[in-house]
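Chemist: coords33.pdb is reproduced below (PDB, C-alpha atoms, pLDDT in the B column).
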```pdb
ATOM      1  CA  TRP A   1     211.165  30.153  96.636  1.00 98.00           C
ATOM      2  CA  ASN A   2     211.049  29.975 100.428  1.00 97.00           C
ATOM      3  CA  LEU A   3     214.515  30.649 101.847  1.00 97.00           C
ATOM      4  CA  GLY A   4     212.980  31.844 105.090  1.00 97.00           C
ATOM      5  CA  CYS A   5     211.609  28.793 106.879  1.00 96.00           C
ATOM      6  CA  PRO A   6     213.280  28.625 110.333  1.00 97.00           C
ATOM      7  CA  ALA A   7     212.040  25.182 111.438  1.00 96.00           C
ATOM      8  CA  PRO A   8     215.051  23.149 112.647  1.00 96.00           C
ATOM      9  CA  MET A   9     213.852  20.011 110.865  1.00 96.00           C
ATOM     10  CA  VAL A  10     214.028  22.033 107.632  1.00 97.00           C
ATOM     11  CA  THR A  11     217.221  24.024 108.218  1.00 97.00           C
ATOM     12  CA  ARG A  12     219.194  20.913 109.209  1.00 96.00           C
ATOM     13  CA  LYS A  13     218.640  19.665 105.645  1.00 96.00           C
ATOM     14  CA  LYS A  14     220.003  22.903 104.136  1.00 96.00           C
ATOM     15  CA  ARG A  15     216.522  23.968 103.153  1.00 97.00           C
ATOM     16  CA  GLY A  16     214.611  27.130 103.996  1.00 97.00           C
ATOM     17  CA  SER A  17     216.863  29.571 105.856  1.00 98.00           C
ATOM     18  CA  GLY A  18     219.322  26.696 106.308  1.00 98.00           C
ATOM     19  CA  LEU A  19     220.548  27.378 102.766  1.00 98.00           C
ATOM     20  CA  LEU A  20     221.417  31.052 103.393  1.00 98.00           C
ATOM     21  CA  PRO A  21     224.982  30.348 104.617  1.00 97.00           C
ATOM     22  CA  TYR A  22     225.677  28.819 101.178  1.00 97.00           C
ATOM     23  CA  PRO A  23     225.076  31.586  98.601  1.00 97.00           C
ATOM     24  CA  GLU A  24     227.032  29.718  95.946  1.00 97.00           C
ATOM     25  CA  GLU A  25     224.477  26.885  96.053  1.00 97.00           C
ATOM     26  CA  ILE A  26     221.602  29.357  95.790  1.00 98.00           C
ATOM     27  CA  ILE A  27     223.184  30.979  92.739  1.00 98.00           C
ATOM     28  CA  ALA A  28     223.928  27.608  91.145  1.00 97.00           C
ATOM     29  CA  PHE A  29     220.312  26.593  91.612  1.00 97.00           C
ATOM     30  CA  LEU A  30     219.037  29.800  90.002  1.00 98.00           C
ATOM     31  CA  ASP A  31     221.411  29.346  87.063  1.00 97.00           C
ATOM     32  CA  ARG A  32     220.057  25.848  86.549  1.00 97.00           C
ATOM     33  CA  ILE A  33     216.310  26.406  86.870  1.00 96.00           C
ATOM     34  CA  LEU A  34     215.563  29.951  85.699  1.00 97.00           C
ATOM     35  CA  PRO A  35     216.234  29.295  81.974  1.00 95.00           C
ATOM     36  CA  GLU A  36     213.667  26.481  82.064  1.00 96.00           C
ATOM     37  CA  LEU A  37     211.175  27.906  84.570  1.00 96.00           C
ATOM     38  CA  PRO A  38     207.801  28.593  82.890  1.00 96.00           C
ATOM     39  CA  VAL A  39     206.551  30.859  85.709  1.00 96.00           C
ATOM     40  CA  LYS A  40     207.834  33.981  87.457  1.00 97.00           C
ATOM     41  CA  LEU A  41     209.918  33.592  90.587  1.00 98.00           C
ATOM     42  CA  SER A  42     210.041  35.554  93.826  1.00 98.00           C
ATOM     43  CA  ILE A  43     212.121  34.777  96.902  1.00 98.00           C
ATOM     44  CA  LYS A  44     211.065  34.836 100.556  1.00 98.00           C
ATOM     45  CA  THR A  45     214.013  35.025 102.914  1.00 98.00           C
ATOM     46  CA  ARG A  46     215.317  35.890 106.352  1.00 98.00           C
ATOM     47  CA  LEU A  47     218.386  37.948 107.229  1.00 98.00           C
ATOM     48  CA  GLY A  48     220.410  34.759 107.445  1.00 97.00           C
ATOM     49  CA  LEU A  49     220.509  31.561 109.410  1.00 98.00           C
ATOM     50  CA  ASN A  50     222.979  32.669 112.078  1.00 97.00           C
ATOM     51  CA  ARG A  51     224.355  36.022 110.826  1.00 96.00           C
ATOM     52  CA  LYS A  52     222.803  39.053 109.150  1.00 93.00           C
ATOM     53  CA  ASP A  53     225.690  39.390 106.713  1.00 93.00           C
ATOM     54  CA  GLU A  54     224.572  36.136 105.063  1.00 97.00           C
ATOM     55  CA  LEU A  55     221.767  38.016 103.310  1.00 97.00           C
ATOM     56  CA  PHE A  56     223.894  41.130 102.800  1.00 96.00           C
ATOM     57  CA  THR A  57     226.308  38.908 100.836  1.00 95.00           C
ATOM     58  CA  LEU A  58     223.572  37.218  98.812  1.00 97.00           C
ATOM     59  CA  LEU A  59     221.452  40.213  97.773  1.00 97.00           C
ATOM     60  CA  PRO A  60     223.961  41.840  95.353  1.00 97.00           C
ATOM     61  CA  GLN A  61     224.370  38.494  93.595  1.00 97.00           C
ATOM     62  CA  LEU A  62     220.600  38.244  93.137  1.00 98.00           C
ATOM     63  CA  ASN A  63     220.563  41.555  91.259  1.00 97.00           C
ATOM     64  CA  HIS A  64     221.540  39.703  88.085  1.00 94.00           C
ATOM     65  CA  TYR A  65     218.413  37.529  88.063  1.00 97.00           C
ATOM     66  CA  PRO A  66     214.846  38.344  86.883  1.00 96.00           C
ATOM     67  CA  LEU A  67     213.049  37.978  90.214  1.00 98.00           C
ATOM     68  CA  THR A  68     209.632  39.542  90.643  1.00 98.00           C
ATOM     69  CA  GLU A  69     210.346  40.538  94.251  1.00 98.00           C
ATOM     70  CA  ILE A  70     212.270  39.624  97.395  1.00 98.00           C
ATOM     71  CA  ILE A  71     210.297  39.300 100.618  1.00 98.00           C
ATOM     72  CA  ILE A  72     212.460  39.870 103.685  1.00 98.00           C
ATOM     73  CA  HIS A  73     211.566  38.794 107.203  1.00 98.00           C
ATOM     74  CA  GLY A  74     213.786  40.756 109.565  1.00 97.00           C
ATOM     75  CA  ARG A  75     214.896  37.881 111.792  1.00 97.00           C
ATOM     76  CA  LEU A  76     217.559  35.215 111.632  1.00 98.00           C
ATOM     77  CA  GLY A  77     216.438  31.667 111.034  1.00 97.00           C
ATOM     78  CA  SER A  78     218.035  30.656 114.333  1.00 97.00           C
ATOM     79  CA  GLN A  79     215.761  33.117 116.157  1.00 97.00           C
ATOM     80  CA  LEU A  80     212.622  31.317 114.989  1.00 95.00           C
ATOM     81  CA  TYR A  81     210.032  33.907 116.110  1.00 93.00           C
ATOM     82  CA  ARG A  82     211.842  35.124 119.214  1.00 94.00           C
ATOM     83  CA  GLY A  83     212.778  38.751 119.689  1.00 94.00           C
ATOM     84  CA  THR A  84     211.644  41.453 117.299  1.00 94.00           C
ATOM     85  CA  SER A  85     212.055  42.082 113.597  1.00 95.00           C
ATOM     86  CA  ASP A  86     215.282  44.004 112.908  1.00 97.00           C
ATOM     87  CA  ARG A  87     214.220  47.155 111.074  1.00 97.00           C
ATOM     88  CA  ASP A  88     217.767  48.518 110.842  1.00 97.00           C
ATOM     89  CA  ALA A  89     218.952  45.353 109.101  1.00 97.00           C
ATOM     90  CA  PHE A  90     215.974  45.554 106.728  1.00 97.00           C
ATOM     91  CA  ALA A  91     216.983  49.122 105.850  1.00 97.00           C
ATOM     92  CA  GLU A  92     220.483  47.860 105.055  1.00 96.00           C
ATOM     93  CA  CYS A  93     219.040  45.141 102.799  1.00 97.00           C
ATOM     94  CA  ILE A  94     217.279  47.744 100.668  1.00 96.00           C
ATOM     95  CA  LYS A  95     220.638  49.333  99.883  1.00 95.00           C
ATOM     96  CA  HIS A  96     221.998  46.044  98.511  1.00 95.00           C
ATOM     97  CA  SER A  97     219.166  45.176  96.113  1.00 97.00           C
ATOM     98  CA  ARG A  98     217.729  46.543  92.873  1.00 96.00           C
ATOM     99  CA  HIS A  99     214.657  44.319  93.177  1.00 97.00           C
ATOM    100  CA  THR A 100     211.241  45.164  94.575  1.00 98.00           C
ATOM    101  CA  ILE A 101     211.546  44.552  98.316  1.00 98.00           C
ATOM    102  CA  VAL A 102     208.591  43.416 100.417  1.00 98.00           C
ATOM    103  CA  TYR A 103     208.607  43.914 104.184  1.00 98.00           C
ATOM    104  CA  ASN A 104     207.600  41.019 106.456  1.00 97.00           C
ATOM    105  CA  GLY A 105     207.678  40.676 110.229  1.00 95.00           C
ATOM    106  CA  ASP A 106     205.790  41.901 113.308  1.00 95.00           C
ATOM    107  CA  ILE A 107     202.897  43.702 111.618  1.00 96.00           C
ATOM    108  CA  THR A 108     200.225  42.969 114.210  1.00 93.00           C
ATOM    109  CA  THR A 109     198.393  46.313 114.447  1.00 94.00           C
ATOM    110  CA  VAL A 110     197.487  49.235 112.221  1.00 95.00           C
ATOM    111  CA  GLU A 111     200.004  51.299 114.211  1.00 96.00           C
ATOM    112  CA  ASP A 112     202.776  48.828 113.356  1.00 96.00           C
ATOM    113  CA  TYR A 113     202.013  49.234 109.672  1.00 97.00           C
ATOM    114  CA  ARG A 114     201.880  53.024 109.844  1.00 97.00           C
ATOM    115  CA  ASP A 115     205.205  53.221 111.689  1.00 97.00           C
ATOM    116  CA  LEU A 116     206.846  50.960 109.093  1.00 97.00           C
ATOM    117  CA  ALA A 117     205.301  52.788 106.144  1.00 97.00           C
ATOM    118  CA  ALA A 118     206.623  56.083 107.526  1.00 97.00           C
ATOM    119  CA  ARG A 119     210.122  54.677 107.985  1.00 97.00           C
ATOM    120  CA  PHE A 120     210.259  52.883 104.612  1.00 98.00           C
ATOM    121  CA  PRO A 121     208.451  55.115 102.078  1.00 97.00           C
ATOM    122  CA  GLU A 122     210.216  53.278  99.243  1.00 96.00           C
ATOM    123  CA  VAL A 123     208.422  50.043 100.192  1.00 97.00           C
ATOM    124  CA  ASN A 124     204.925  49.584  98.777  1.00 95.00           C
ATOM    125  CA  LYS A 125     204.386  45.879  99.369  1.00 97.00           C
ATOM    126  CA  TRP A 126     203.849  44.291 102.762  1.00 97.00           C
ATOM    127  CA  MET A 127     203.431  40.692 103.892  1.00 97.00           C
ATOM    128  CA  ILE A 128     201.367  40.011 107.009  1.00 96.00           C
ATOM    129  CA  GLY A 129     201.701  36.491 108.384  1.00 92.00           C
ATOM    130  CA  ARG A 130     200.989  35.699 112.028  1.00 91.00           C
ATOM    131  CA  GLY A 131     199.342  39.101 112.476  1.00 92.00           C
ATOM    132  CA  ALA A 132     196.613  38.093 110.027  1.00 92.00           C
ATOM    133  CA  LEU A 133     196.139  34.743 111.736  1.00 90.00           C
ATOM    134  CA  ALA A 134     195.632  36.501 115.064  1.00 89.00           C
ATOM    135  CA  ASP A 135     193.405  39.174 113.508  1.00 90.00           C
ATOM    136  CA  PRO A 136     192.007  38.145 110.115  1.00 90.00           C
ATOM    137  CA  PHE A 137     190.507  41.622 109.757  1.00 91.00           C
ATOM    138  CA  LEU A 138     193.850  43.434 110.069  1.00 94.00           C
ATOM    139  CA  PRO A 139     194.653  43.656 106.325  1.00 94.00           C
ATOM    140  CA  GLY A 140     191.219  45.105 105.589  1.00 92.00           C
ATOM    141  CA  THR A 141     191.476  47.569 108.471  1.00 93.00           C
ATOM    142  CA  ILE A 142     194.870  48.757 107.215  1.00 95.00           C
ATOM    143  CA  LYS A 143     193.284  49.365 103.809  1.00 93.00           C
ATOM    144  CA  GLY A 144     190.548  51.415 105.456  1.00 91.00           C
ATOM    145  CA  ASN A 145     187.732  48.941 104.886  1.00 88.00           C
ATOM    146  CA  GLN A 146     184.873  49.016 107.345  1.00 81.00           C
ATOM    147  CA  GLN A 147     184.888  45.788 109.337  1.00 75.00           C
ATOM    148  CA  THR A 148     181.370  44.727 110.348  1.00 81.00           C
ATOM    149  CA  ASP A 149     179.856  41.497 111.714  1.00 87.00           C
ATOM    150  CA  LYS A 150     183.317  40.305 112.726  1.00 87.00           C
ATOM    151  CA  MET A 151     182.259  37.416 114.933  1.00 89.00           C
ATOM    152  CA  LEU A 152     179.741  36.098 112.424  1.00 91.00           C
ATOM    153  CA  ARG A 153     182.283  36.222 109.605  1.00 91.00           C
ATOM    154  CA  LEU A 154     184.912  34.639 111.822  1.00 92.00           C
ATOM    155  CA  GLN A 155     182.544  31.839 112.786  1.00 94.00           C
ATOM    156  CA  ARG A 156     181.743  31.142 109.123  1.00 94.00           C
ATOM    157  CA  PHE A 157     185.451  31.067 108.290  1.00 93.00           C
ATOM    158  CA  HIS A 158     186.095  28.635 111.128  1.00 95.00           C
ATOM    159  CA  THR A 159     183.221  26.397 110.040  1.00 96.00           C
ATOM    160  CA  ASP A 160     184.507  26.273 106.454  1.00 96.00           C
ATOM    161  CA  LEU A 161     188.024  25.490 107.628  1.00 95.00           C
ATOM    162  CA  TYR A 162     186.915  22.825 110.082  1.00 97.00           C
ATOM    163  CA  ASP A 163     184.641  21.135 107.533  1.00 97.00           C
ATOM    164  CA  SER A 164     187.455  21.110 104.967  1.00 97.00           C
ATOM    165  CA  CYS A 165     189.861  19.551 107.475  1.00 96.00           C
ATOM    166  CA  ARG A 166     187.331  16.824 108.254  1.00 96.00           C
ATOM    167  CA  GLU A 167     187.061  16.041 104.542  1.00 96.00           C
ATOM    168  CA  ILE A 168     190.761  15.709 103.834  1.00 96.00           C
ATOM    169  CA  LEU A 169     192.243  14.538 107.160  1.00 95.00           C
ATOM    170  CA  SER A 170     191.834  11.163 108.822  1.00 91.00           C
ATOM    171  CA  GLY A 171     191.222  10.713 112.567  1.00 92.00           C
ATOM    172  CA  GLN A 172     190.131  13.230 115.151  1.00 93.00           C
ATOM    173  CA  SER A 173     193.609  13.648 116.629  1.00 94.00           C
ATOM    174  CA  HIS A 174     194.848  14.760 113.204  1.00 96.00           C
ATOM    175  CA  ILE A 175     191.910  17.118 112.739  1.00 97.00           C
ATOM    176  CA  LEU A 176     192.199  18.596 116.236  1.00 97.00           C
ATOM    177  CA  GLY A 177     195.941  18.991 115.856  1.00 96.00           C
ATOM    178  CA  ARG A 178     195.472  21.014 112.675  1.00 96.00           C
ATOM    179  CA  MET A 179     192.706  23.203 114.127  1.00 97.00           C
ATOM    180  CA  LYS A 180     194.600  23.867 117.352  1.00 97.00           C
ATOM    181  CA  GLN A 181     197.478  25.305 115.334  1.00 95.00           C
ATOM    182  CA  ILE A 182     195.343  28.178 114.074  1.00 94.00           C
ATOM    183  CA  TRP A 183     193.808  28.738 117.508  1.00 96.00           C
ATOM    184  CA  ILE A 184     197.260  29.529 118.894  1.00 94.00           C
ATOM    185  CA  TYR A 185     196.829  32.807 117.010  1.00 92.00           C
ATOM    186  CA  LEU A 186     193.059  33.093 116.610  1.00 92.00           C
ATOM    187  CA  SER A 187     192.476  32.951 120.369  1.00 93.00           C
ATOM    188  CA  SER A 188     193.819  36.506 120.672  1.00 90.00           C
ATOM    189  CA  VAL A 189     190.620  37.763 119.003  1.00 88.00           C
ATOM    190  CA  PHE A 190     188.684  36.754 122.123  1.00 91.00           C
ATOM    191  CA  PRO A 191     188.847  38.599 125.482  1.00 91.00           C
ATOM    192  CA  PRO A 192     191.751  37.312 127.639  1.00 91.00           C
ATOM    193  CA  GLU A 193     189.468  36.471 130.558  1.00 92.00           C
ATOM    194  CA  GLN A 194     187.698  33.865 128.402  1.00 93.00           C
ATOM    195  CA  LYS A 195     190.943  31.847 128.139  1.00 95.00           C
ATOM    196  CA  ALA A 196     190.068  30.678 124.633  1.00 95.00           C
ATOM    197  CA  TRP A 197     193.404  29.001 123.876  1.00 96.00           C
ATOM    198  CA  LYS A 198     193.523  27.217 127.237  1.00 96.00           C
ATOM    199  CA  LYS A 199     190.049  25.767 126.618  1.00 96.00           C
ATOM    200  CA  ILE A 200     190.832  24.745 123.045  1.00 97.00           C
ATOM    201  CA  LYS A 201     194.141  23.165 124.028  1.00 96.00           C
ATOM    202  CA  LYS A 202     192.411  20.899 126.567  1.00 96.00           C
ATOM    203  CA  CYS A 203     190.021  19.394 123.992  1.00 97.00           C
ATOM    204  CA  ARG A 204     190.652  15.699 123.398  1.00 96.00           C
ATOM    205  CA  THR A 205     187.654  14.848 121.215  1.00 96.00           C
ATOM    206  CA  GLU A 206     185.869  16.577 118.360  1.00 96.00           C
ATOM    207  CA  GLU A 207     182.717  16.760 120.447  1.00 96.00           C
ATOM    208  CA  GLN A 208     184.553  18.663 123.175  1.00 97.00           C
ATOM    209  CA  TYR A 209     186.111  20.907 120.571  1.00 97.00           C
ATOM    210  CA  ARG A 210     182.797  21.762 118.900  1.00 96.00           C
ATOM    211  CA  GLN A 211     181.202  22.570 122.247  1.00 96.00           C
ATOM    212  CA  VAL A 212     184.029  24.865 123.309  1.00 96.00           C
ATOM    213  CA  VAL A 213     184.097  26.688 119.962  1.00 96.00           C
ATOM    214  CA  ALA A 214     180.305  27.106 119.899  1.00 95.00           C
ATOM    215  CA  ALA A 215     180.354  28.538 123.431  1.00 94.00           C
ATOM    216  CA  LEU A 216     183.129  30.997 122.594  1.00 94.00           C
ATOM    217  CA  PHE A 217     181.357  32.373 119.546  1.00 93.00           C
ATOM    218  CA  GLU A 218     177.948  32.469 121.253  1.00 91.00           C
ATOM    219  CA  LYS A 219     179.372  34.407 124.184  1.00 87.00           C
ATOM    220  CA  ASN A 220     180.976  36.984 121.930  1.00 81.00           C
ATOM    221  CA  PHE A 221     178.236  37.680 119.408  1.00 69.00           C
ATOM    222  CA  THR A 222     176.650  40.252 121.709  1.00 53.00           C
ATOM    223  CA  GLN A 223     180.064  41.859 122.299  1.00 50.00           C
ATOM    224  CA  SER A 224     181.031  42.079 118.627  1.00 46.00           C
ATOM    225  CA  PRO A 225     181.328  45.703 117.375  1.00 43.00           C
TER     226      PRO A 225
END
```
Can the structure in the file be given as structure tokens, please?
Modeler:
Amino acid sequence: WNLGCPAPMVTRKKRGSGLLPYPEEIIAFLDRILPELPVKLSIKTRLGLNRKDELFTLLPQLNHYPLTEIIIHGRLGSQLYRGTSDRDAFAECIKHSRHTIVYNGDITTVEDYRDLAARFPEVNKWMIGRGALADPFLPGTIKGNQQTDKMLRLQRFHTDLYDSCREILSGQSHILGRMKQIWIYLSSVFPPEQKAWKKIKKCRTEEQYRQVVAALFEKNFTQSP
């Protein structure tokens, strides 16, 4: 159950993190659906919508429910993705919950993960969101897997994603809009001087887009480790 979405169009409707200021409604919902729910339930959340004590208040009440885990992103909903994840507040959350707690927020490098793992030895589950979009090989690198043929694998992933979007979406503006969203993050894989995101953002047709993407991958094959 996603109680973490910070998008204003969602929070204004008391959904996502917009529901966190109303713990009584969250508890009432759990009381209603859990007896009839045929699957297991986990909760993804933020520290609150506007105040960290919103989650501090909710967590002890959740102890009475059979949740598989609680995934905590260490920001307020009102922050969107500004600032940094609040590790001190996450540490406080652990004290208030008997559930398995999963850490989420600002894991973008192996060093980030190692620092967090050293600080929170009691945590053994980690969620990587935007960090994996920017570097799809990050989870494997953290696990110690050897990452080879990165550019070739990345190109194949992009091709599969693009082809799937063309199958299910209608109109090139819709397709380009969807693909540009992932390039906001994926562009960081390419050297800054190549200005990958700037080039992608300027594309107005699929033909332009395919040419720019092909040129980016071709230029980087010889540089791939």
Chemist: Considering only C-alpha atoms, can you say which of A:Ser187, A:Arg82, A:Ile94, A:Tyr113 comes closest to Leu133 of chain A?
Modeler: A:Ser187
Chemist: Nearest to Leu186 of chain A among A:Asp135, A:Glu24, A:Asp149, A:Asp115, with distances taken over all atoms listed in the file: which residue is it?
Modeler: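 Closest to Leu186 of chain A, using all atoms listed in the file: A:Asp135.
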Chemist: In Å, rounded to a single decimal, give me how far atom CA of Val213 of chain A is from atom CA of Arg156 of chain A.
Modeler: 12.0 Å
Chemist: State, in Å with one decimal place, the distance from atom CA of Cys203 of chain A to atom CA of Leu169 of chain A.
Modeler: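 These two atoms are separated by 17.7 Å.
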Chemist: Just checking: using only C-alpha atoms, which residue out of A:Ser97, A:His73, A:Arg32, A:Ala91 ends up closest to Thr57 of chain A?
Modeler: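 Under the stated criterion, the closest residue is A:Ser97.
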Chemist: Kindly indicate which residue among A:Val123, A:Met9, A:Leu20, A:Ile128 lies nearest to Asp106 of chain A, using only C-alpha atoms for the distances.
Modeler: A:Ile128
Chemist: Would you pick out the contacts of Gln146 of chain A at 10 Å or less, using only C-alpha atoms, so that residues sharing its chain but fewer than 5 positions from it are not included, and give the list as a ChimeraX atom specification?
Modeler: /A:137,140-141
Chemist: Would you mind exporting C-alpha atoms of the selected residues as a PDB file, keeping the file's coordinate frame?
Modeler:
```
ATOM      1  CA  PHE A 137     190.507  41.622 109.757  1.00 91.00           C
ATOM      2  CA  GLY A 140     191.219  45.105 105.589  1.00 92.00           C
ATOM      3  CA  THR A 141     191.476  47.569 108.471  1.00 93.00           C
TER       4      THR A 141
END
```
Chemist: Kindly resolve the PyMOL selection byres ((chain A and resi 176-178) around 9) on the present coordinates and return the residues as a ChimeraX atom specification.
Modeler: /A:165,171-175,179-182,203-206,209
Chemist: So, with only C-alpha atoms as the atoms that count, which of A:Tyr65, A:Tyr103, A:Trp197, A:Tyr22 lies closest to Asn50 of chain A?
Modeler: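 When distances to Asn50 of chain A are compared using only C-alpha atoms, the smallest one comes from A:Tyr22.
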Chemist: For atom CA of Met151 of chain A and atom CA of Asp112 of chain A, determine how far apart the two atoms are, in Å to one decimal place.
Modeler: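 Atom-to-atom, atom CA of Met151 of chain A and atom CA of Asp112 of chain A are spaced 23.5 Å apart.
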Chemist: Find, counting all atoms listed in the file, the residue in A:Leu161, A:Leu34, A:Leu138, A:Cys93 that gets nearest to Glu111 of chain A.
Modeler: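 For Glu111 of chain A, the nearest of the candidates is A:Leu138.
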Chemist: Would you compute the box with edges along x, y and z of the file around segment 81-99 of chain A, including every atom the file lists for it and 8 Å extra on each side, and give its centre and edge lengths in Å to one decimal, as AutoDock Vina command-line options?
Modeler:
```
--center_x 216.0 --center_y 41.6 --center_z 106.3 --size_x 28.0 --size_y 31.4 --size_z 42.8
```
Chemist: Taking the file as shown, find all residues satisfying the PyMOL selection byres ((chain A and resi 62) around 12) and write them as an mmCIF file with C-alpha atoms, keeping the file's coordinate frame.
Modeler:
```cif
data_model
loop_
_atom_site.group_PDB
_atom_site.id
_atom_site.type_symbol
_atom_site.label_atom_id
_atom_site.label_comp_id
_atom_site.auth_asym_id
_atom_site.auth_seq_id
_atom_site.Cartn_x
_atom_site.Cartn_y
_atom_site.Cartn_z
ATOM 1 C CA PRO A 23 225.076 31.586 98.601
ATOM 2 C CA GLU A 24 227.032 29.718 95.946
ATOM 3 C CA ILE A 26 221.602 29.357 95.790
ATOM 4 C CA ILE A 27 223.184 30.979 92.739
ATOM 5 C CA ALA A 28 223.928 27.608 91.145
ATOM 6 C CA PHE A 29 220.312 26.593 91.612
ATOM 7 C CA LEU A 30 219.037 29.800 90.002
ATOM 8 C CA ASP A 31 221.411 29.346 87.063
ATOM 9 C CA LEU A 41 209.918 33.592 90.587
ATOM 10 C CA SER A 42 210.041 35.554 93.826
ATOM 11 C CA ILE A 43 212.121 34.777 96.902
ATOM 12 C CA LEU A 55 221.767 38.016 103.310
ATOM 13 C CA PHE A 56 223.894 41.130 102.800
ATOM 14 C CA THR A 57 226.308 38.908 100.836
ATOM 15 C CA LEU A 58 223.572 37.218 98.812
ATOM 16 C CA LEU A 59 221.452 40.213 97.773
ATOM 17 C CA PRO A 60 223.961 41.840 95.353
ATOM 18 C CA GLN A 61 224.370 38.494 93.595
ATOM 19 C CA ASN A 63 220.563 41.555 91.259
ATOM 20 C CA HIS A 64 221.540 39.703 88.085
ATOM 21 C CA TYR A 65 218.413 37.529 88.063
ATOM 22 C CA PRO A 66 214.846 38.344 86.883
ATOM 23 C CA LEU A 67 213.049 37.978 90.214
ATOM 24 C CA THR A 68 209.632 39.542 90.643
ATOM 25 C CA GLU A 69 210.346 40.538 94.251
ATOM 26 C CA ILE A 70 212.270 39.624 97.395
ATOM 27 C CA CYS A 93 219.040 45.141 102.799
ATOM 28 C CA HIS A 96 221.998 46.044 98.511
ATOM 29 C CA SER A 97 219.166 45.176 96.113
ATOM 30 C CA ARG A 98 217.729 46.543 92.873
ATOM 31 C CA HIS A 99 214.657 44.319 93.177
ATOM 32 C CA THR A 100 211.241 45.164 94.575
#
```
Chemist: Would you list the contacts of Asn220 of chain A as number ranges by chain, taking every protein, DNA or RNA residue within 10 Å and counting all atoms listed in the file, but skipping same-chain residues closer than 6 positions in sequence?
Modeler: A: 151-152, 190-191, 194
Chemist: Could you write out that same residue set with C-alpha atoms as a tab-separated table (two decimals), in the frame of the given file?
Modeler:
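Result file out18.tsv:
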```
chain	number	residue	atom	x	y	z
A	151	MET	CA	182.26	37.42	114.93
A	152	LEU	CA	179.74	36.10	112.42
A	190	PHE	CA	188.68	36.75	122.12
A	191	PRO	CA	188.85	38.60	125.48
A	194	GLN	CA	187.70	33.86	128.40
```
Chemist: Run the PyMOL selection byres ((chain A and resi 77) around 6) against the file shown and list the residues it catches, as a ChimeraX atom specification.
Modeler: /A:6,17,49,76,78-80
Chemist: Export C-alpha atoms of the chosen residues as an mmCIF file, in the frame of the given file?
Modeler:
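To be explicit, this is the file written out as result07.cif:
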```
data_model
loop_
_atom_site.group_PDB
_atom_site.id
_atom_site.type_symbol
_atom_site.label_atom_id
_atom_site.label_comp_id
_atom_site.auth_asym_id
_atom_site.auth_seq_id
_atom_site.Cartn_x
_atom_site.Cartn_y
_atom_site.Cartn_z
ATOM 1 C CA PRO A 6 213.280 28.625 110.333
ATOM 2 C CA SER A 17 216.863 29.571 105.856
ATOM 3 C CA LEU A 49 220.509 31.561 109.410
ATOM 4 C CA LEU A 76 217.559 35.215 111.632
ATOM 5 C CA SER A 78 218.035 30.656 114.333
ATOM 6 C CA GLN A 79 215.761 33.117 116.157
ATOM 7 C CA LEU A 80 212.622 31.317 114.989
#
```
Chemist: Add whatever atoms are absent from segment 163-171 of chain A to reach N, CA, C and O atoms, and provide the output as a PDB file, in the frame of the given file.
Modeler:
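Writing done, so here's part-v3.pdb:
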```pdb
ATOM      1  N   ASP A 163     185.276  22.107 108.430  1.00 97.00           N
ATOM      2  CA  ASP A 163     184.641  21.135 107.533  1.00 97.00           C
ATOM      3  C   ASP A 163     185.630  20.624 106.481  1.00 97.00           C
ATOM      4  O   ASP A 163     185.625  19.429 106.132  1.00 97.00           O
ATOM      5  N   SER A 164     186.466  21.515 105.964  1.00 97.00           N
ATOM      6  CA  SER A 164     187.455  21.110 104.967  1.00 97.00           C
ATOM      7  C   SER A 164     188.474  20.155 105.570  1.00 97.00           C
ATOM      8  O   SER A 164     188.861  19.164 104.938  1.00 97.00           O
ATOM      9  N   CYS A 165     188.912  20.439 106.805  1.00 96.00           N
ATOM     10  CA  CYS A 165     189.861  19.551 107.475  1.00 96.00           C
ATOM     11  C   CYS A 165     189.257  18.168 107.693  1.00 96.00           C
ATOM     12  O   CYS A 165     189.938  17.146 107.539  1.00 96.00           O
ATOM     13  N   ARG A 166     187.992  18.110 108.021  1.00 96.00           N
ATOM     14  CA  ARG A 166     187.331  16.824 108.254  1.00 96.00           C
ATOM     15  C   ARG A 166     187.226  16.016 106.961  1.00 96.00           C
ATOM     16  O   ARG A 166     187.199  14.799 106.986  1.00 96.00           O
ATOM     17  N   GLU A 167     187.156  16.725 105.828  1.00 96.00           N
ATOM     18  CA  GLU A 167     187.061  16.041 104.542  1.00 96.00           C
ATOM     19  C   GLU A 167     188.386  15.435 104.100  1.00 96.00           C
ATOM     20  O   GLU A 167     188.424  14.355 103.503  1.00 96.00           O
ATOM     21  N   ILE A 168     189.481  16.140 104.397  1.00 96.00           N
ATOM     22  CA  ILE A 168     190.761  15.709 103.834  1.00 96.00           C
ATOM     23  C   ILE A 168     191.680  15.013 104.843  1.00 96.00           C
ATOM     24  O   ILE A 168     192.639  14.350 104.442  1.00 96.00           O
ATOM     25  N   LEU A 169     191.395  15.148 106.139  1.00 95.00           N
ATOM     26  CA  LEU A 169     192.243  14.538 107.160  1.00 95.00           C
ATOM     27  C   LEU A 169     191.569  13.312 107.749  1.00 95.00           C
ATOM     28  O   LEU A 169     190.341  13.205 107.748  1.00 95.00           O
ATOM     29  N   SER A 170     192.364  12.409 108.282  1.00 91.00           N
ATOM     30  CA  SER A 170     191.834  11.163 108.822  1.00 91.00           C
ATOM     31  C   SER A 170     192.121  11.083 110.317  1.00 91.00           C
ATOM     32  O   SER A 170     193.271  11.183 110.747  1.00 91.00           O
ATOM     33  N   GLY A 171     191.053  10.873 111.124  1.00 92.00           N
ATOM     34  CA  GLY A 171     191.222  10.713 112.567  1.00 92.00           C
ATOM     35  C   GLY A 171     191.090  12.023 113.302  1.00 92.00           C
ATOM     36  O   GLY A 171     191.596  13.047 112.874  1.00 92.00           O
TER      37      GLY A 171
END
```
